[in-house]
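Below: model.txt (compact mmCIF, C-alpha atoms and all ligand atoms)
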```txt
# COMPACT_ATOMS: atom_id res chain seq x y z
CA MET A 453 0.00 0.00 0.00
CA LYS A 454 2.97 2.34 -0.67
CA TYR A 455 2.51 4.95 -3.38
CA ASP A 456 4.38 7.96 -4.69
CA VAL A 457 1.13 9.88 -5.04
CA ILE A 458 -2.29 9.31 -3.50
CA ILE A 459 -5.21 11.31 -4.82
CA ILE A 460 -8.20 11.61 -2.49
CA GLY A 461 -11.44 11.76 -4.52
CA GLY A 462 -12.48 10.02 -7.71
CA GLY A 463 -14.36 12.89 -9.32
CA ILE A 464 -13.41 14.42 -12.65
CA VAL A 465 -10.69 16.64 -11.12
CA GLY A 466 -8.99 13.78 -9.25
CA LEU A 467 -9.21 11.51 -12.29
CA ALA A 468 -7.87 14.13 -14.73
CA THR A 469 -5.02 14.84 -12.31
CA ALA A 470 -4.21 11.13 -12.11
CA LEU A 471 -4.20 10.83 -15.88
CA LYS A 472 -1.94 13.86 -16.34
CA LEU A 473 0.45 12.58 -13.65
CA THR A 474 0.81 9.21 -15.39
CA GLU A 475 1.45 10.97 -18.71
CA LYS A 476 4.08 13.26 -17.19
CA MET A 477 5.78 10.76 -14.90
CA PRO A 478 4.91 7.21 -16.00
CA ALA A 479 7.23 5.60 -13.47
CA LEU A 480 5.31 6.94 -10.44
CA ARG A 481 3.04 4.63 -8.44
CA ILE A 482 -0.26 6.47 -8.19
CA ALA A 483 -3.53 5.57 -6.47
CA ILE A 484 -6.92 7.20 -6.15
CA LEU A 485 -8.97 6.64 -2.99
CA GLU A 486 -12.70 7.16 -3.46
CA LYS A 487 -15.19 6.79 -0.62
CA GLU A 488 -18.14 5.70 -2.79
CA ASN A 489 -18.42 2.33 -4.51
CA ASP A 490 -17.92 3.95 -7.91
CA ILE A 491 -16.27 7.05 -9.35
CA ALA A 492 -17.97 10.31 -10.39
CA LEU A 493 -21.05 9.98 -8.17
CA HIS A 494 -21.12 13.50 -6.78
CA GLN A 495 -20.60 16.84 -8.58
CA THR A 496 -19.17 15.09 -11.65
CA GLY A 497 -22.28 12.96 -12.05
CA HIS A 498 -24.81 15.68 -11.14
CA ASN A 499 -24.20 18.67 -13.36
CA SER A 500 -25.60 20.45 -16.41
CA GLY A 501 -23.25 18.73 -18.84
CA VAL A 502 -22.22 21.98 -20.51
CA ILE A 503 -18.83 22.54 -22.12
CA HIS A 504 -18.32 26.14 -21.08
CA SER A 505 -16.63 28.58 -23.45
CA GLY A 506 -14.99 30.75 -20.77
CA ILE A 507 -17.05 33.88 -21.54
CA TYR A 508 -17.92 34.75 -17.94
CA TYR A 509 -14.56 34.62 -16.19
CA LYS A 510 -12.21 37.44 -15.28
CA PRO A 511 -9.38 37.54 -17.84
CA GLY A 512 -6.21 36.07 -16.36
CA SER A 513 -8.07 34.26 -13.56
CA LEU A 514 -7.52 30.53 -13.03
CA LYS A 515 -11.09 29.95 -14.20
CA ALA A 516 -10.51 31.85 -17.46
CA ILE A 517 -7.13 30.25 -18.18
CA ASN A 518 -8.12 26.70 -17.26
CA CYS A 519 -11.55 26.87 -18.89
CA ILE A 520 -10.21 28.10 -22.22
CA ASN A 521 -7.24 25.67 -22.26
CA GLY A 522 -9.33 22.85 -20.78
CA TYR A 523 -12.05 23.40 -23.39
CA LYS A 524 -9.61 22.90 -26.27
CA GLU A 525 -8.02 19.90 -24.64
CA LEU A 526 -11.38 18.32 -23.80
CA ILE A 527 -12.55 18.58 -27.43
CA ARG A 528 -9.30 16.98 -28.67
CA PHE A 529 -9.63 14.26 -26.01
CA CYS A 530 -13.24 13.49 -26.98
CA ASP A 531 -12.34 13.33 -30.69
CA LEU A 532 -9.46 10.97 -29.91
CA HIS A 533 -11.49 8.65 -27.68
CA GLY A 534 -14.85 8.77 -29.46
CA ILE A 535 -16.77 10.51 -26.64
CA ALA A 536 -20.03 12.08 -27.82
CA TYR A 537 -20.32 15.86 -27.57
CA GLU A 538 -21.95 18.60 -29.58
CA LEU A 539 -20.93 22.23 -30.00
CA CYS A 540 -24.47 23.51 -30.33
CA GLY A 541 -23.82 27.04 -29.05
CA LYS A 542 -25.80 29.03 -26.53
CA ILE A 543 -27.47 32.38 -26.17
CA ILE A 544 -27.42 34.67 -23.13
CA VAL A 545 -30.44 36.95 -23.08
CA ALA A 546 -31.38 40.14 -21.29
CA THR A 547 -35.11 40.38 -20.71
CA GLN A 548 -35.16 43.90 -19.23
CA GLN A 549 -33.31 47.19 -19.66
CA SER A 550 -31.73 46.92 -16.20
CA GLU A 551 -29.73 43.86 -17.37
CA LEU A 552 -28.14 45.52 -20.41
CA ALA A 553 -25.07 46.85 -18.59
CA ALA A 554 -24.31 43.42 -17.11
CA LEU A 555 -24.87 41.81 -20.54
CA GLU A 556 -22.37 44.25 -22.06
CA ASN A 557 -19.85 43.30 -19.32
CA VAL A 558 -20.24 39.61 -20.18
CA TYR A 559 -19.67 40.42 -23.87
CA ARG A 560 -16.53 42.46 -23.01
CA ARG A 561 -15.22 39.56 -20.94
CA GLY A 562 -15.72 37.26 -23.91
CA ILE A 563 -13.79 39.65 -26.18
CA ASP A 564 -11.03 40.07 -23.56
CA ASN A 565 -10.84 36.26 -23.25
CA LYS A 566 -10.40 36.15 -27.06
CA LEU A 567 -13.46 34.02 -27.75
CA GLU A 568 -13.94 33.81 -31.48
CA GLY A 569 -17.32 34.21 -33.11
CA ILE A 570 -19.28 35.56 -30.15
CA ARG A 571 -21.67 38.30 -31.23
CA LYS A 572 -24.38 40.55 -29.89
CA ILE A 573 -27.83 39.64 -31.10
CA SER A 574 -31.05 41.66 -31.38
CA ARG A 575 -34.56 40.72 -30.28
CA ASP A 576 -35.28 39.38 -33.80
CA GLU A 577 -32.07 37.35 -33.93
CA ILE A 578 -32.92 35.82 -30.52
CA ARG A 579 -36.27 34.75 -32.02
CA GLU A 580 -34.55 33.32 -35.11
CA MET A 581 -32.24 31.19 -32.98
CA GLU A 582 -34.75 30.29 -30.29
CA PRO A 583 -38.29 30.96 -31.60
CA HIS A 584 -39.92 30.70 -28.14
CA ALA A 585 -37.40 32.77 -26.19
CA SER A 586 -38.11 36.30 -25.17
CA GLY A 587 -35.34 38.86 -24.81
CA ILE A 588 -34.54 42.44 -25.73
CA SER A 589 -30.87 41.83 -26.50
CA GLY A 590 -28.44 38.93 -26.23
CA ILE A 591 -25.10 37.32 -26.96
CA ALA A 592 -24.62 34.26 -29.17
CA VAL A 593 -21.76 32.01 -28.01
CA PRO A 594 -21.17 29.46 -30.79
CA GLN A 595 -18.48 27.38 -29.07
CA THR A 596 -20.54 26.28 -26.03
CA GLY A 597 -21.25 22.54 -26.11
CA ILE A 598 -22.96 19.63 -24.38
CA ILE A 599 -21.49 16.37 -23.10
CA SER A 600 -21.81 13.72 -20.38
CA TYR A 601 -19.10 14.33 -17.79
CA THR A 602 -19.74 10.90 -16.29
CA GLY A 603 -18.63 9.43 -19.63
CA VAL A 604 -15.56 11.68 -19.71
CA ALA A 605 -14.62 10.71 -16.13
CA GLN A 606 -15.03 7.00 -16.91
CA THR A 607 -12.67 7.38 -19.88
CA TYR A 608 -10.07 9.20 -17.71
CA ALA A 609 -10.37 6.31 -15.21
CA ARG A 610 -9.97 3.62 -17.88
CA LEU A 611 -6.87 5.27 -19.37
CA PHE A 612 -5.36 5.84 -15.92
CA LYS A 613 -5.82 2.17 -15.02
CA GLN A 614 -4.44 1.05 -18.39
CA ALA A 615 -1.33 3.13 -17.62
CA GLY A 616 -0.85 1.17 -14.37
CA GLY A 617 -2.73 3.42 -11.94
CA HIS A 618 -4.91 2.08 -9.13
CA ILE A 619 -8.41 3.19 -8.16
CA PHE A 620 -9.68 1.93 -4.81
CA THR A 621 -13.40 2.55 -4.24
CA GLY A 622 -15.20 2.20 -0.91
CA GLU A 623 -12.14 3.81 0.69
CA LYS A 624 -13.22 6.79 2.78
CA VAL A 625 -10.23 8.75 4.06
CA THR A 626 -10.68 9.49 7.76
CA ASP A 627 -7.22 10.59 8.87
CA ILE A 628 -3.85 11.67 7.57
CA ARG A 629 -0.68 11.28 9.62
CA ASN A 630 2.16 13.42 8.46
CA ARG A 631 5.54 11.66 8.95
CA GLU A 632 7.99 14.59 9.07
CA GLY A 633 9.83 14.61 5.73
CA GLN A 634 8.84 11.02 4.96
CA GLY A 635 5.46 11.52 3.34
CA SER A 636 2.18 10.61 4.96
CA GLU A 637 0.01 7.78 6.16
CA VAL A 638 -3.50 7.94 4.83
CA VAL A 639 -6.04 6.15 6.98
CA THR A 640 -9.31 4.92 5.49
CA LEU A 641 -12.14 3.00 7.12
CA ASN A 642 -10.42 -0.22 5.95
CA LYS A 643 -6.65 0.26 5.60
CA THR A 644 -3.65 2.51 5.95
CA TYR A 645 -1.79 3.65 2.85
CA GLU A 646 1.55 5.46 2.54
CA ALA A 647 2.36 8.22 0.09
CA THR A 648 5.13 10.69 -0.65
CA LEU A 649 2.65 13.26 -1.93
CA LEU A 650 -1.09 13.64 -1.35
CA ILE A 651 -3.48 15.45 -3.66
CA ASN A 652 -6.81 16.41 -2.16
CA CYS A 653 -9.60 16.42 -4.77
CA ALA A 654 -12.40 15.59 -2.33
CA GLY A 655 -14.89 18.15 -3.70
CA LEU A 656 -17.61 18.76 -1.10
CA PHE A 657 -15.24 17.49 1.63
CA SER A 658 -12.00 19.05 0.41
CA ASP A 659 -11.92 21.51 3.34
CA LYS A 660 -12.36 18.65 5.82
CA ILE A 661 -9.41 16.77 4.32
CA ALA A 662 -7.28 19.95 4.25
CA ALA A 663 -8.23 20.78 7.85
CA ILE A 664 -6.91 17.46 9.20
CA ASN A 665 -3.43 18.92 9.37
CA SER A 666 -4.02 22.61 8.84
CA LYS A 667 -5.66 24.21 11.83
CA GLU A 668 -5.43 27.68 10.23
CA LEU A 669 -7.46 26.85 7.15
CA ASN A 670 -9.11 30.03 5.93
CA VAL A 671 -11.79 28.44 3.77
CA ARG A 672 -14.88 26.30 4.27
CA ILE A 673 -17.01 24.52 1.71
CA ILE A 674 -20.59 25.76 1.71
CA PRO A 675 -22.90 23.38 -0.17
CA PHE A 676 -25.38 24.90 -2.63
CA ARG A 677 -27.94 22.53 -4.10
CA GLY A 678 -28.94 23.04 -7.73
CA GLU A 679 -32.34 21.53 -8.58
CA TYR A 680 -33.45 20.61 -12.08
CA TYR A 681 -36.69 19.99 -13.92
CA LYS A 682 -37.06 18.16 -17.22
CA ILE A 683 -39.34 19.51 -19.91
CA ARG A 684 -42.14 17.15 -20.91
CA GLU A 685 -41.52 15.29 -24.16
CA ASP A 686 -44.31 17.03 -26.10
CA ARG A 687 -43.10 20.50 -25.01
CA LYS A 688 -39.43 20.03 -25.84
CA PHE A 689 -39.94 22.02 -29.04
CA LEU A 690 -39.85 25.17 -26.86
CA VAL A 691 -36.04 24.93 -26.56
CA ARG A 692 -33.60 24.27 -29.39
CA ASN A 693 -30.26 24.53 -27.58
CA LEU A 694 -29.07 26.43 -24.50
CA ILE A 695 -30.75 29.62 -23.24
CA TYR A 696 -29.20 31.49 -20.30
CA PRO A 697 -30.19 34.65 -18.42
CA VAL A 698 -27.73 37.45 -17.65
CA PRO A 699 -25.97 36.31 -14.45
CA ASP A 700 -26.07 38.33 -11.26
CA PRO A 701 -22.48 39.66 -11.01
CA ASN A 702 -22.58 39.27 -7.20
CA PHE A 703 -22.97 35.50 -7.37
CA PRO A 704 -20.77 32.76 -8.73
CA PHE A 705 -23.86 30.98 -10.18
CA LEU A 706 -25.34 31.49 -13.62
CA GLY A 707 -29.09 31.63 -12.87
CA VAL A 708 -31.70 29.07 -13.97
CA HIS A 709 -31.42 28.28 -17.65
CA TYR A 710 -32.50 25.79 -20.29
CA THR A 711 -30.06 23.12 -21.43
CA ARG A 712 -30.43 20.55 -24.17
CA MET A 713 -28.61 17.53 -22.79
CA ILE A 714 -26.46 15.17 -24.85
CA ASP A 715 -29.05 12.40 -24.25
CA GLY A 716 -31.74 14.53 -25.90
CA ALA A 717 -33.54 15.66 -22.73
CA ILE A 718 -34.18 19.35 -22.10
CA GLU A 719 -33.44 20.43 -18.53
CA ALA A 720 -34.34 23.61 -16.73
CA GLY A 721 -32.30 24.79 -13.74
CA PRO A 722 -30.25 24.64 -11.63
CA ASN A 723 -31.21 27.06 -8.87
CA ALA A 724 -28.76 27.63 -5.99
CA VAL A 725 -30.19 26.76 -2.57
CA PHE A 726 -28.09 26.57 0.61
CA ALA A 727 -28.04 22.84 1.45
CA PHE A 728 -28.43 21.56 5.03
CA ARG A 729 -25.97 18.78 4.35
CA ARG A 730 -23.00 18.49 2.01
CA GLU A 731 -24.39 15.67 -0.04
CA GLY A 732 -27.96 16.85 0.46
CA TYR A 733 -29.60 16.11 -2.87
CA LYS A 734 -33.15 16.31 -1.50
CA ARG A 735 -34.90 19.36 -0.03
CA THR A 736 -35.45 17.47 3.20
CA ASP A 737 -31.83 16.25 3.58
CA PHE A 738 -30.35 17.50 6.83
CA LYS A 739 -27.27 16.77 8.92
CA LEU A 740 -27.03 18.74 12.12
CA ASP A 741 -23.22 18.75 12.50
CA GLU A 742 -22.68 19.81 8.88
CA LEU A 743 -25.36 22.51 9.13
CA MET A 744 -23.85 23.86 12.37
CA GLU A 745 -20.37 23.89 10.78
CA SER A 746 -21.67 26.11 7.99
CA ILE A 747 -23.57 28.40 10.37
CA ARG A 748 -20.59 28.73 12.74
CA TRP A 749 -18.24 29.77 9.93
CA PRO A 750 -17.95 33.60 10.18
CA GLY A 751 -17.69 33.95 6.40
CA PHE A 752 -20.97 32.14 5.86
CA ARG A 753 -22.77 34.29 8.43
CA LYS A 754 -21.58 37.39 6.55
CA VAL A 755 -22.74 35.98 3.20
CA ALA A 756 -26.12 35.12 4.77
CA ALA A 757 -26.51 38.61 6.25
CA LYS A 758 -25.63 40.26 2.93
CA TYR A 759 -27.69 38.07 0.60
CA TRP A 760 -30.55 36.86 2.84
CA GLU A 761 -33.16 38.17 0.42
CA THR A 762 -31.72 36.31 -2.57
CA GLY A 763 -31.27 33.21 -0.39
CA LEU A 764 -34.89 33.27 0.77
CA GLY A 765 -36.00 33.71 -2.85
CA GLU A 766 -34.04 30.57 -3.77
CA PHE A 767 -35.70 28.59 -0.92
CA TYR A 768 -39.10 29.83 -2.05
CA ARG A 769 -38.45 28.77 -5.66
CA SER A 770 -37.18 25.44 -4.37
CA PHE A 771 -40.33 24.66 -2.37
CA PHE A 772 -42.88 26.21 -4.73
CA LYS A 773 -42.73 24.95 -8.28
CA GLY A 774 -44.87 27.87 -9.46
CA ALA A 775 -42.12 30.29 -8.38
CA PHE A 776 -39.47 28.24 -10.22
CA THR A 777 -41.68 28.28 -13.33
CA LYS A 778 -42.06 32.04 -13.03
CA ALA A 779 -38.27 32.48 -13.11
CA LEU A 780 -38.12 30.30 -16.22
CA GLN A 781 -40.96 32.20 -17.89
CA LYS A 782 -38.72 35.27 -18.08
CA LEU A 783 -36.76 33.41 -20.75
CA ILE A 784 -39.65 31.46 -22.33
CA PRO A 785 -43.05 32.97 -21.49
CA GLU A 786 -44.92 29.92 -22.89
CA ILE A 787 -43.45 27.48 -20.34
CA LYS A 788 -46.09 26.24 -17.88
CA ASN A 789 -46.01 24.52 -14.51
CA GLU A 790 -47.29 21.27 -16.01
CA ASP A 791 -44.47 21.23 -18.60
CA LEU A 792 -41.90 20.60 -15.87
CA ILE A 793 -41.07 17.23 -14.30
CA PRO A 794 -38.67 17.07 -11.28
CA ALA A 795 -35.28 15.80 -12.49
CA GLY A 796 -32.93 15.51 -9.52
CA ALA A 797 -30.26 17.85 -8.23
CA GLY A 798 -26.54 18.41 -7.84
CA VAL A 799 -24.70 20.00 -4.91
CA ARG A 800 -21.99 22.55 -5.63
CA ALA A 801 -18.90 22.68 -3.42
CA GLN A 802 -18.52 26.45 -3.10
CA ALA A 803 -15.64 27.72 -0.99
CA CYS A 804 -16.26 30.66 1.32
CA ASP A 805 -13.46 32.53 3.08
CA ARG A 806 -13.49 33.72 6.68
CA THR A 807 -14.33 37.32 5.82
CA GLY A 808 -17.50 36.49 3.91
CA GLY A 809 -16.49 36.12 0.32
CA LEU A 810 -17.81 33.32 -1.83
CA ILE A 811 -14.52 32.55 -3.55
CA ASP A 812 -14.98 33.15 -7.23
CA ASP A 813 -11.80 31.67 -8.68
CA PHE A 814 -10.43 28.13 -8.53
CA LEU A 815 -8.27 27.73 -5.42
CA ILE A 816 -5.37 25.27 -5.23
CA LEU A 817 -3.02 25.52 -2.24
CA GLU A 818 0.25 23.63 -1.78
CA ASP A 819 1.71 22.45 1.49
CA ALA A 820 4.84 20.46 2.29
CA TYR A 821 3.07 17.13 1.84
CA ILE A 822 -0.25 17.87 0.18
CA VAL A 823 -1.80 19.79 -2.71
CA ASN A 824 -5.33 20.88 -1.75
CA VAL A 825 -7.91 21.66 -4.42
CA LEU A 826 -10.16 23.86 -2.30
CA ASN A 827 -12.43 25.48 -4.84
CA ALA A 828 -13.26 23.70 -8.10
CA PRO A 829 -16.87 24.60 -8.91
CA SER A 830 -18.18 25.16 -12.45
CA PRO A 831 -16.50 25.25 -14.98
CA ALA A 832 -14.11 22.72 -13.39
CA ALA A 833 -15.54 19.82 -15.41
CA THR A 834 -14.84 21.68 -18.67
CA SER A 835 -11.43 22.69 -17.27
CA SER A 836 -10.52 19.30 -15.79
CA LEU A 837 -7.63 18.40 -18.12
CA SER A 838 -6.09 21.83 -17.68
CA ILE A 839 -6.47 21.70 -13.87
CA GLY A 840 -4.90 18.23 -14.01
CA THR A 841 -1.95 19.60 -15.99
CA THR A 842 -1.51 22.44 -13.46
CA ILE A 843 -1.49 20.04 -10.50
CA ALA A 844 0.79 17.56 -12.28
CA ALA A 845 3.30 20.40 -12.82
CA MET A 846 3.13 21.20 -9.06
CA ALA A 847 3.70 17.52 -8.28
CA GLU A 848 6.59 17.13 -10.72
CA LYS A 849 8.68 19.55 -8.65
CA ARG A 850 8.48 17.10 -5.72
CA PHE A 851 9.98 14.11 -7.53
C1 LIG A 901 -25.53 21.56 -10.27
C2 LIG A 901 -24.16 21.64 -10.93
C3 LIG A 901 -24.05 22.01 -12.28
C4 LIG A 901 -22.79 22.09 -12.88
N1 LIG A 901 -22.67 22.32 -14.23
C5 LIG A 901 -21.45 22.29 -14.82
C6 LIG A 901 -21.32 22.39 -16.22
O1 LIG A 901 -22.30 22.42 -16.95
N2 LIG A 901 -20.08 22.44 -16.75
C7 LIG A 901 -18.95 22.38 -15.98
O2 LIG A 901 -17.85 22.47 -16.51
N3 LIG A 901 -19.05 22.24 -14.63
C8 LIG A 901 -20.27 22.17 -14.06
N4 LIG A 901 -20.39 21.98 -12.72
C9 LIG A 901 -19.18 21.87 -11.91
C10 LIG A 901 -18.55 20.50 -12.00
O3 LIG A 901 -19.51 19.47 -11.94
C11 LIG A 901 -17.56 20.38 -10.85
O4 LIG A 901 -16.75 21.51 -10.87
C12 LIG A 901 -16.68 19.15 -10.95
O5 LIG A 901 -17.46 18.00 -11.13
C13 LIG A 901 -15.82 19.04 -9.70
O6 LIG A 901 -15.18 17.80 -9.73
P1 LIG A 901 -14.44 17.27 -8.46
O7 LIG A 901 -13.70 16.06 -8.88
O8 LIG A 901 -13.67 18.39 -7.83
O9 LIG A 901 -15.58 16.93 -7.39
P2 LIG A 901 -16.56 15.67 -7.25
O10 LIG A 901 -17.07 15.22 -8.56
O11 LIG A 901 -17.56 16.04 -6.22
O12 LIG A 901 -15.58 14.54 -6.69
C14 LIG A 901 -15.06 14.54 -5.39
C15 LIG A 901 -14.96 13.10 -4.95
O13 LIG A 901 -14.29 13.02 -3.70
C16 LIG A 901 -14.88 11.95 -2.98
N5 LIG A 901 -14.58 12.12 -1.55
C17 LIG A 901 -15.02 13.10 -0.73
N6 LIG A 901 -14.54 12.91 0.52
C18 LIG A 901 -13.78 11.79 0.49
C19 LIG A 901 -13.04 11.07 1.47
N7 LIG A 901 -13.00 11.46 2.75
N8 LIG A 901 -12.37 9.94 1.07
C20 LIG A 901 -12.40 9.52 -0.21
N9 LIG A 901 -13.12 10.16 -1.17
C21 LIG A 901 -13.79 11.29 -0.83
C22 LIG A 901 -16.36 12.07 -3.29
O14 LIG A 901 -17.08 10.88 -3.03
C23 LIG A 901 -16.31 12.44 -4.77
O15 LIG A 901 -16.41 11.32 -5.61
C24 LIG A 901 -21.63 21.85 -12.10
C25 LIG A 901 -21.75 21.46 -10.75
C26 LIG A 901 -23.01 21.32 -10.18
C27 LIG A 901 -23.12 20.82 -8.78
```
Take the structure from the file and write it as structure tokens.
Amino acid sequence: MKYDVIIIGGGIVGLATALKLTEKMPALRIAILEKENDIALHQTGHNSGVIHSGIYYKPGSLKAINCINGYKELIRFCDLHGIAYELCGKIIVATQQSELAALENVYRRGIDNKLEGIRKISRDEIREMEPHASGISGIAVPQTGIISYTGVAQTYARLFKQAGGHIFTGEKVTDIRNREGQGSEVVTLNKTYEATLLINCAGLFSDKIAAINSKELNVRIIPFRGEYYKIREDRKFLVRNLIYPVPDPNFPFLGVHYTRMIDGAIEAGPNAVFAFRREGYKRTDFKLDELMESIRWPGFRKVAAKYWETGLGEFYRSFFKGAFTKALQKLIPEIKNEDLIPAGAGVRAQACDRTGGLIDDFLILEDAYIVNVLNAPSPAATSSLSIGTTIAAMAEKRF
């Protein structure tokens, strides 16, 4: 059970990192420890399945760099390995005058991020592209695509194992013992492993893993559930591709939108509701210790005090389908309550710092014995190969 590198977490980020490490340093012994009985069962298996273009992110940020590089690499990877995807494009639409300034900012970001082919579109052009959408002005983003990230993650896993890597499922990491200058012991519910370097890709629990040996950790993961509805088969004609609202610049979430999925379904969502447990996929899911941890975190209390109105609105839309439908009707007025069928949820691992900021950018921190991926929300699935390359370069310096 001795490894050069142990990666904690078999989601898309851990798997991409493992694959990049084997490509860069094929002689290393690498293992992934995953607590579930299969890989990709959390954020990676519960998302919108969108290949993001990079239009939203601050130029030069880790999100912008890794999304744009990761996008190109993901497309090449899918072509090489026969993974289905479609670059169907998306539109972002403003439905009222007050959103025009924010729409212009998104467009500027796209230009600054050197996205080719994006263009502003008029009310008539919105109607041409999406005949049932309503908007006064918009942006067309041709390079946005759709994919199944579960399929991508499974391919990363297969290639990693073919290259000699090990994936151990049902291995929940419960403790890490740092052996001064001699690597670490990683304790799971079943065994103890040894590793020279640890890489923490534990998603919703990445702060917990990081906190085992770092008492001064300045970040906590706050879980935000994103709930989806599917559009009834006979009403799918209302959406051709992807239709997004103008995002609220104060939040790291994109607002409820319509997505044509790679399997042909049309989904509406996700909202962003504070979850009462980290893997709380249902409205009624609740875990007292996890809820208290969030509430006790000073940063969360500040976020709650600042955005309580938005937060309550999200709870209301979560519990009352009519309110969710109303938000969707801004984009497609014809959509009705009865067109929407509940379609599950995902939970975002959103890092929040002590002073009350929801951390916008990806956050990867290095320590003597561990690399901690502490914030890898959307678009980390799109960016996974680029994040993997970044972490593999950090790891290479250690060997
Ligand atoms: C609702 C929603 C919509 C999204 N839409 C998109 C999108 O359209 N496009 C996009 O690019 N991104 C999207 N994202 C973001 C994307 O899904 C995530 O950024 C990405 O999946 C993060 O991958 P990960 O490997 O870091 O985390 P995860 O997939 O959550 O993997 C972490 C793994 O660590 C394991 N783990 C945790 N604790 C332990 C432990 N103690 N021991 C062992 N294993 C442990 C977990 O079981 C899990 O398998 C979305 C996310 C959500 C939630």
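The two atoms in question, atom CA of A:Leu485 and atom CA of A:Asn652, are spaced 10.0 Å apart.
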* To do: Could you report the residues within 6 Å of ligand LIG 901 (chain A), using all atoms listed in the file, as an MDAnalysis selection string?
  => chainID A and resid 460:466 485:488 491:496 498:504 623:626 653:657 678 722 798:800 828:834
Write out, as an mmCIF file, in the coordinates of the input, the residues just selected, with C-alpha atoms.
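And here is the file that came out, part.cif:
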```cif
data_model
loop_
_atom_site.group_PDB
_atom_site.id
_atom_site.type_symbol
_atom_site.label_atom_id
_atom_site.label_comp_id
_atom_site.auth_asym_id
_atom_site.auth_seq_id
_atom_site.Cartn_x
_atom_site.Cartn_y
_atom_site.Cartn_z
ATOM 1 C CA ILE A 460 -8.200 11.610 -2.490
ATOM 2 C CA GLY A 461 -11.440 11.760 -4.520
ATOM 3 C CA GLY A 462 -12.480 10.020 -7.710
ATOM 4 C CA GLY A 463 -14.360 12.890 -9.320
ATOM 5 C CA ILE A 464 -13.410 14.420 -12.650
ATOM 6 C CA VAL A 465 -10.690 16.640 -11.120
ATOM 7 C CA GLY A 466 -8.990 13.780 -9.250
ATOM 8 C CA LEU A 485 -8.970 6.640 -2.990
ATOM 9 C CA GLU A 486 -12.700 7.160 -3.460
ATOM 10 C CA LYS A 487 -15.190 6.790 -0.620
ATOM 11 C CA GLU A 488 -18.140 5.700 -2.790
ATOM 12 C CA ILE A 491 -16.270 7.050 -9.350
ATOM 13 C CA ALA A 492 -17.970 10.310 -10.390
ATOM 14 C CA LEU A 493 -21.050 9.980 -8.170
ATOM 15 C CA HIS A 494 -21.120 13.500 -6.780
ATOM 16 C CA GLN A 495 -20.600 16.840 -8.580
ATOM 17 C CA THR A 496 -19.170 15.090 -11.650
ATOM 18 C CA HIS A 498 -24.810 15.680 -11.140
ATOM 19 C CA ASN A 499 -24.200 18.670 -13.360
ATOM 20 C CA SER A 500 -25.600 20.450 -16.410
ATOM 21 C CA GLY A 501 -23.250 18.730 -18.840
ATOM 22 C CA VAL A 502 -22.220 21.980 -20.510
ATOM 23 C CA ILE A 503 -18.830 22.540 -22.120
ATOM 24 C CA HIS A 504 -18.320 26.140 -21.080
ATOM 25 C CA GLU A 623 -12.140 3.810 0.690
ATOM 26 C CA LYS A 624 -13.220 6.790 2.780
ATOM 27 C CA VAL A 625 -10.230 8.750 4.060
ATOM 28 C CA THR A 626 -10.680 9.490 7.760
ATOM 29 C CA CYS A 653 -9.600 16.420 -4.770
ATOM 30 C CA ALA A 654 -12.400 15.590 -2.330
ATOM 31 C CA GLY A 655 -14.890 18.150 -3.700
ATOM 32 C CA LEU A 656 -17.610 18.760 -1.100
ATOM 33 C CA PHE A 657 -15.240 17.490 1.630
ATOM 34 C CA GLY A 678 -28.940 23.040 -7.730
ATOM 35 C CA PRO A 722 -30.250 24.640 -11.630
ATOM 36 C CA GLY A 798 -26.540 18.410 -7.840
ATOM 37 C CA VAL A 799 -24.700 20.000 -4.910
ATOM 38 C CA ARG A 800 -21.990 22.550 -5.630
ATOM 39 C CA ALA A 828 -13.260 23.700 -8.100
ATOM 40 C CA PRO A 829 -16.870 24.600 -8.910
ATOM 41 C CA SER A 830 -18.180 25.160 -12.450
ATOM 42 C CA PRO A 831 -16.500 25.250 -14.980
ATOM 43 C CA ALA A 832 -14.110 22.720 -13.390
ATOM 44 C CA ALA A 833 -15.540 19.820 -15.410
ATOM 45 C CA THR A 834 -14.840 21.680 -18.670
#
```
* Asked: Contacts of A:Gly590 at 9 Å or less, counting all atoms listed in the file, minus same-chain residues fewer than 6 places along, as a VMD selection string?
  -> chain A and resid 543 to 547 552 555 571 to 575 577 to 578 698
Could you produce a table of the residues of stretch 613-693 of chain A lying within 6 Å of stretch 804-818 of chain A, with the nearest pair of atoms per residue and their separation in Å rounded to one decimal, using only C-alpha atoms, ordered by chain and increasing residue number, as JSON lines?
```
{"residue": "A:Asn670", "atom": "CA", "partner": "A:Asp805", "partner_atom": "CA", "distance": 5.8}
{"residue": "A:Val671", "atom": "CA", "partner": "A:Asp805", "partner_atom": "CA", "distance": 4.5}
{"residue": "A:Arg672", "atom": "CA", "partner": "A:Cys804", "partner_atom": "CA", "distance": 5.4}
```
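Taking atom CA of A:Asn557 and atom CA of A:Ala720 as the two end points, the separation is 24.6 Å.
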* Length of the atom CA of A:Lys788 to atom CA of A:Leu690 vector [Å] ->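 Answer for the atom CA of A:Lys788 to atom CA of A:Leu690 separation: 11.0 Å.
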Sorted by chain and rising residue number, list the residues of stretch 623-740 of chain A at most 8 Å from stretch 760-768 of chain A (counting all atoms listed in the file), each with its closest atom pair and distance in Å to one decimal, as CSV.
```
residue,atom,partner,partner_atom,distance
A:Asn723,CA,A:Glu766,CA,6.8
A:Ala724,CA,A:Glu766,CA,6.4
A:Val725,CA,A:Glu766,CA,5.5
A:Phe726,CA,A:Gly763,CA,7.4
```
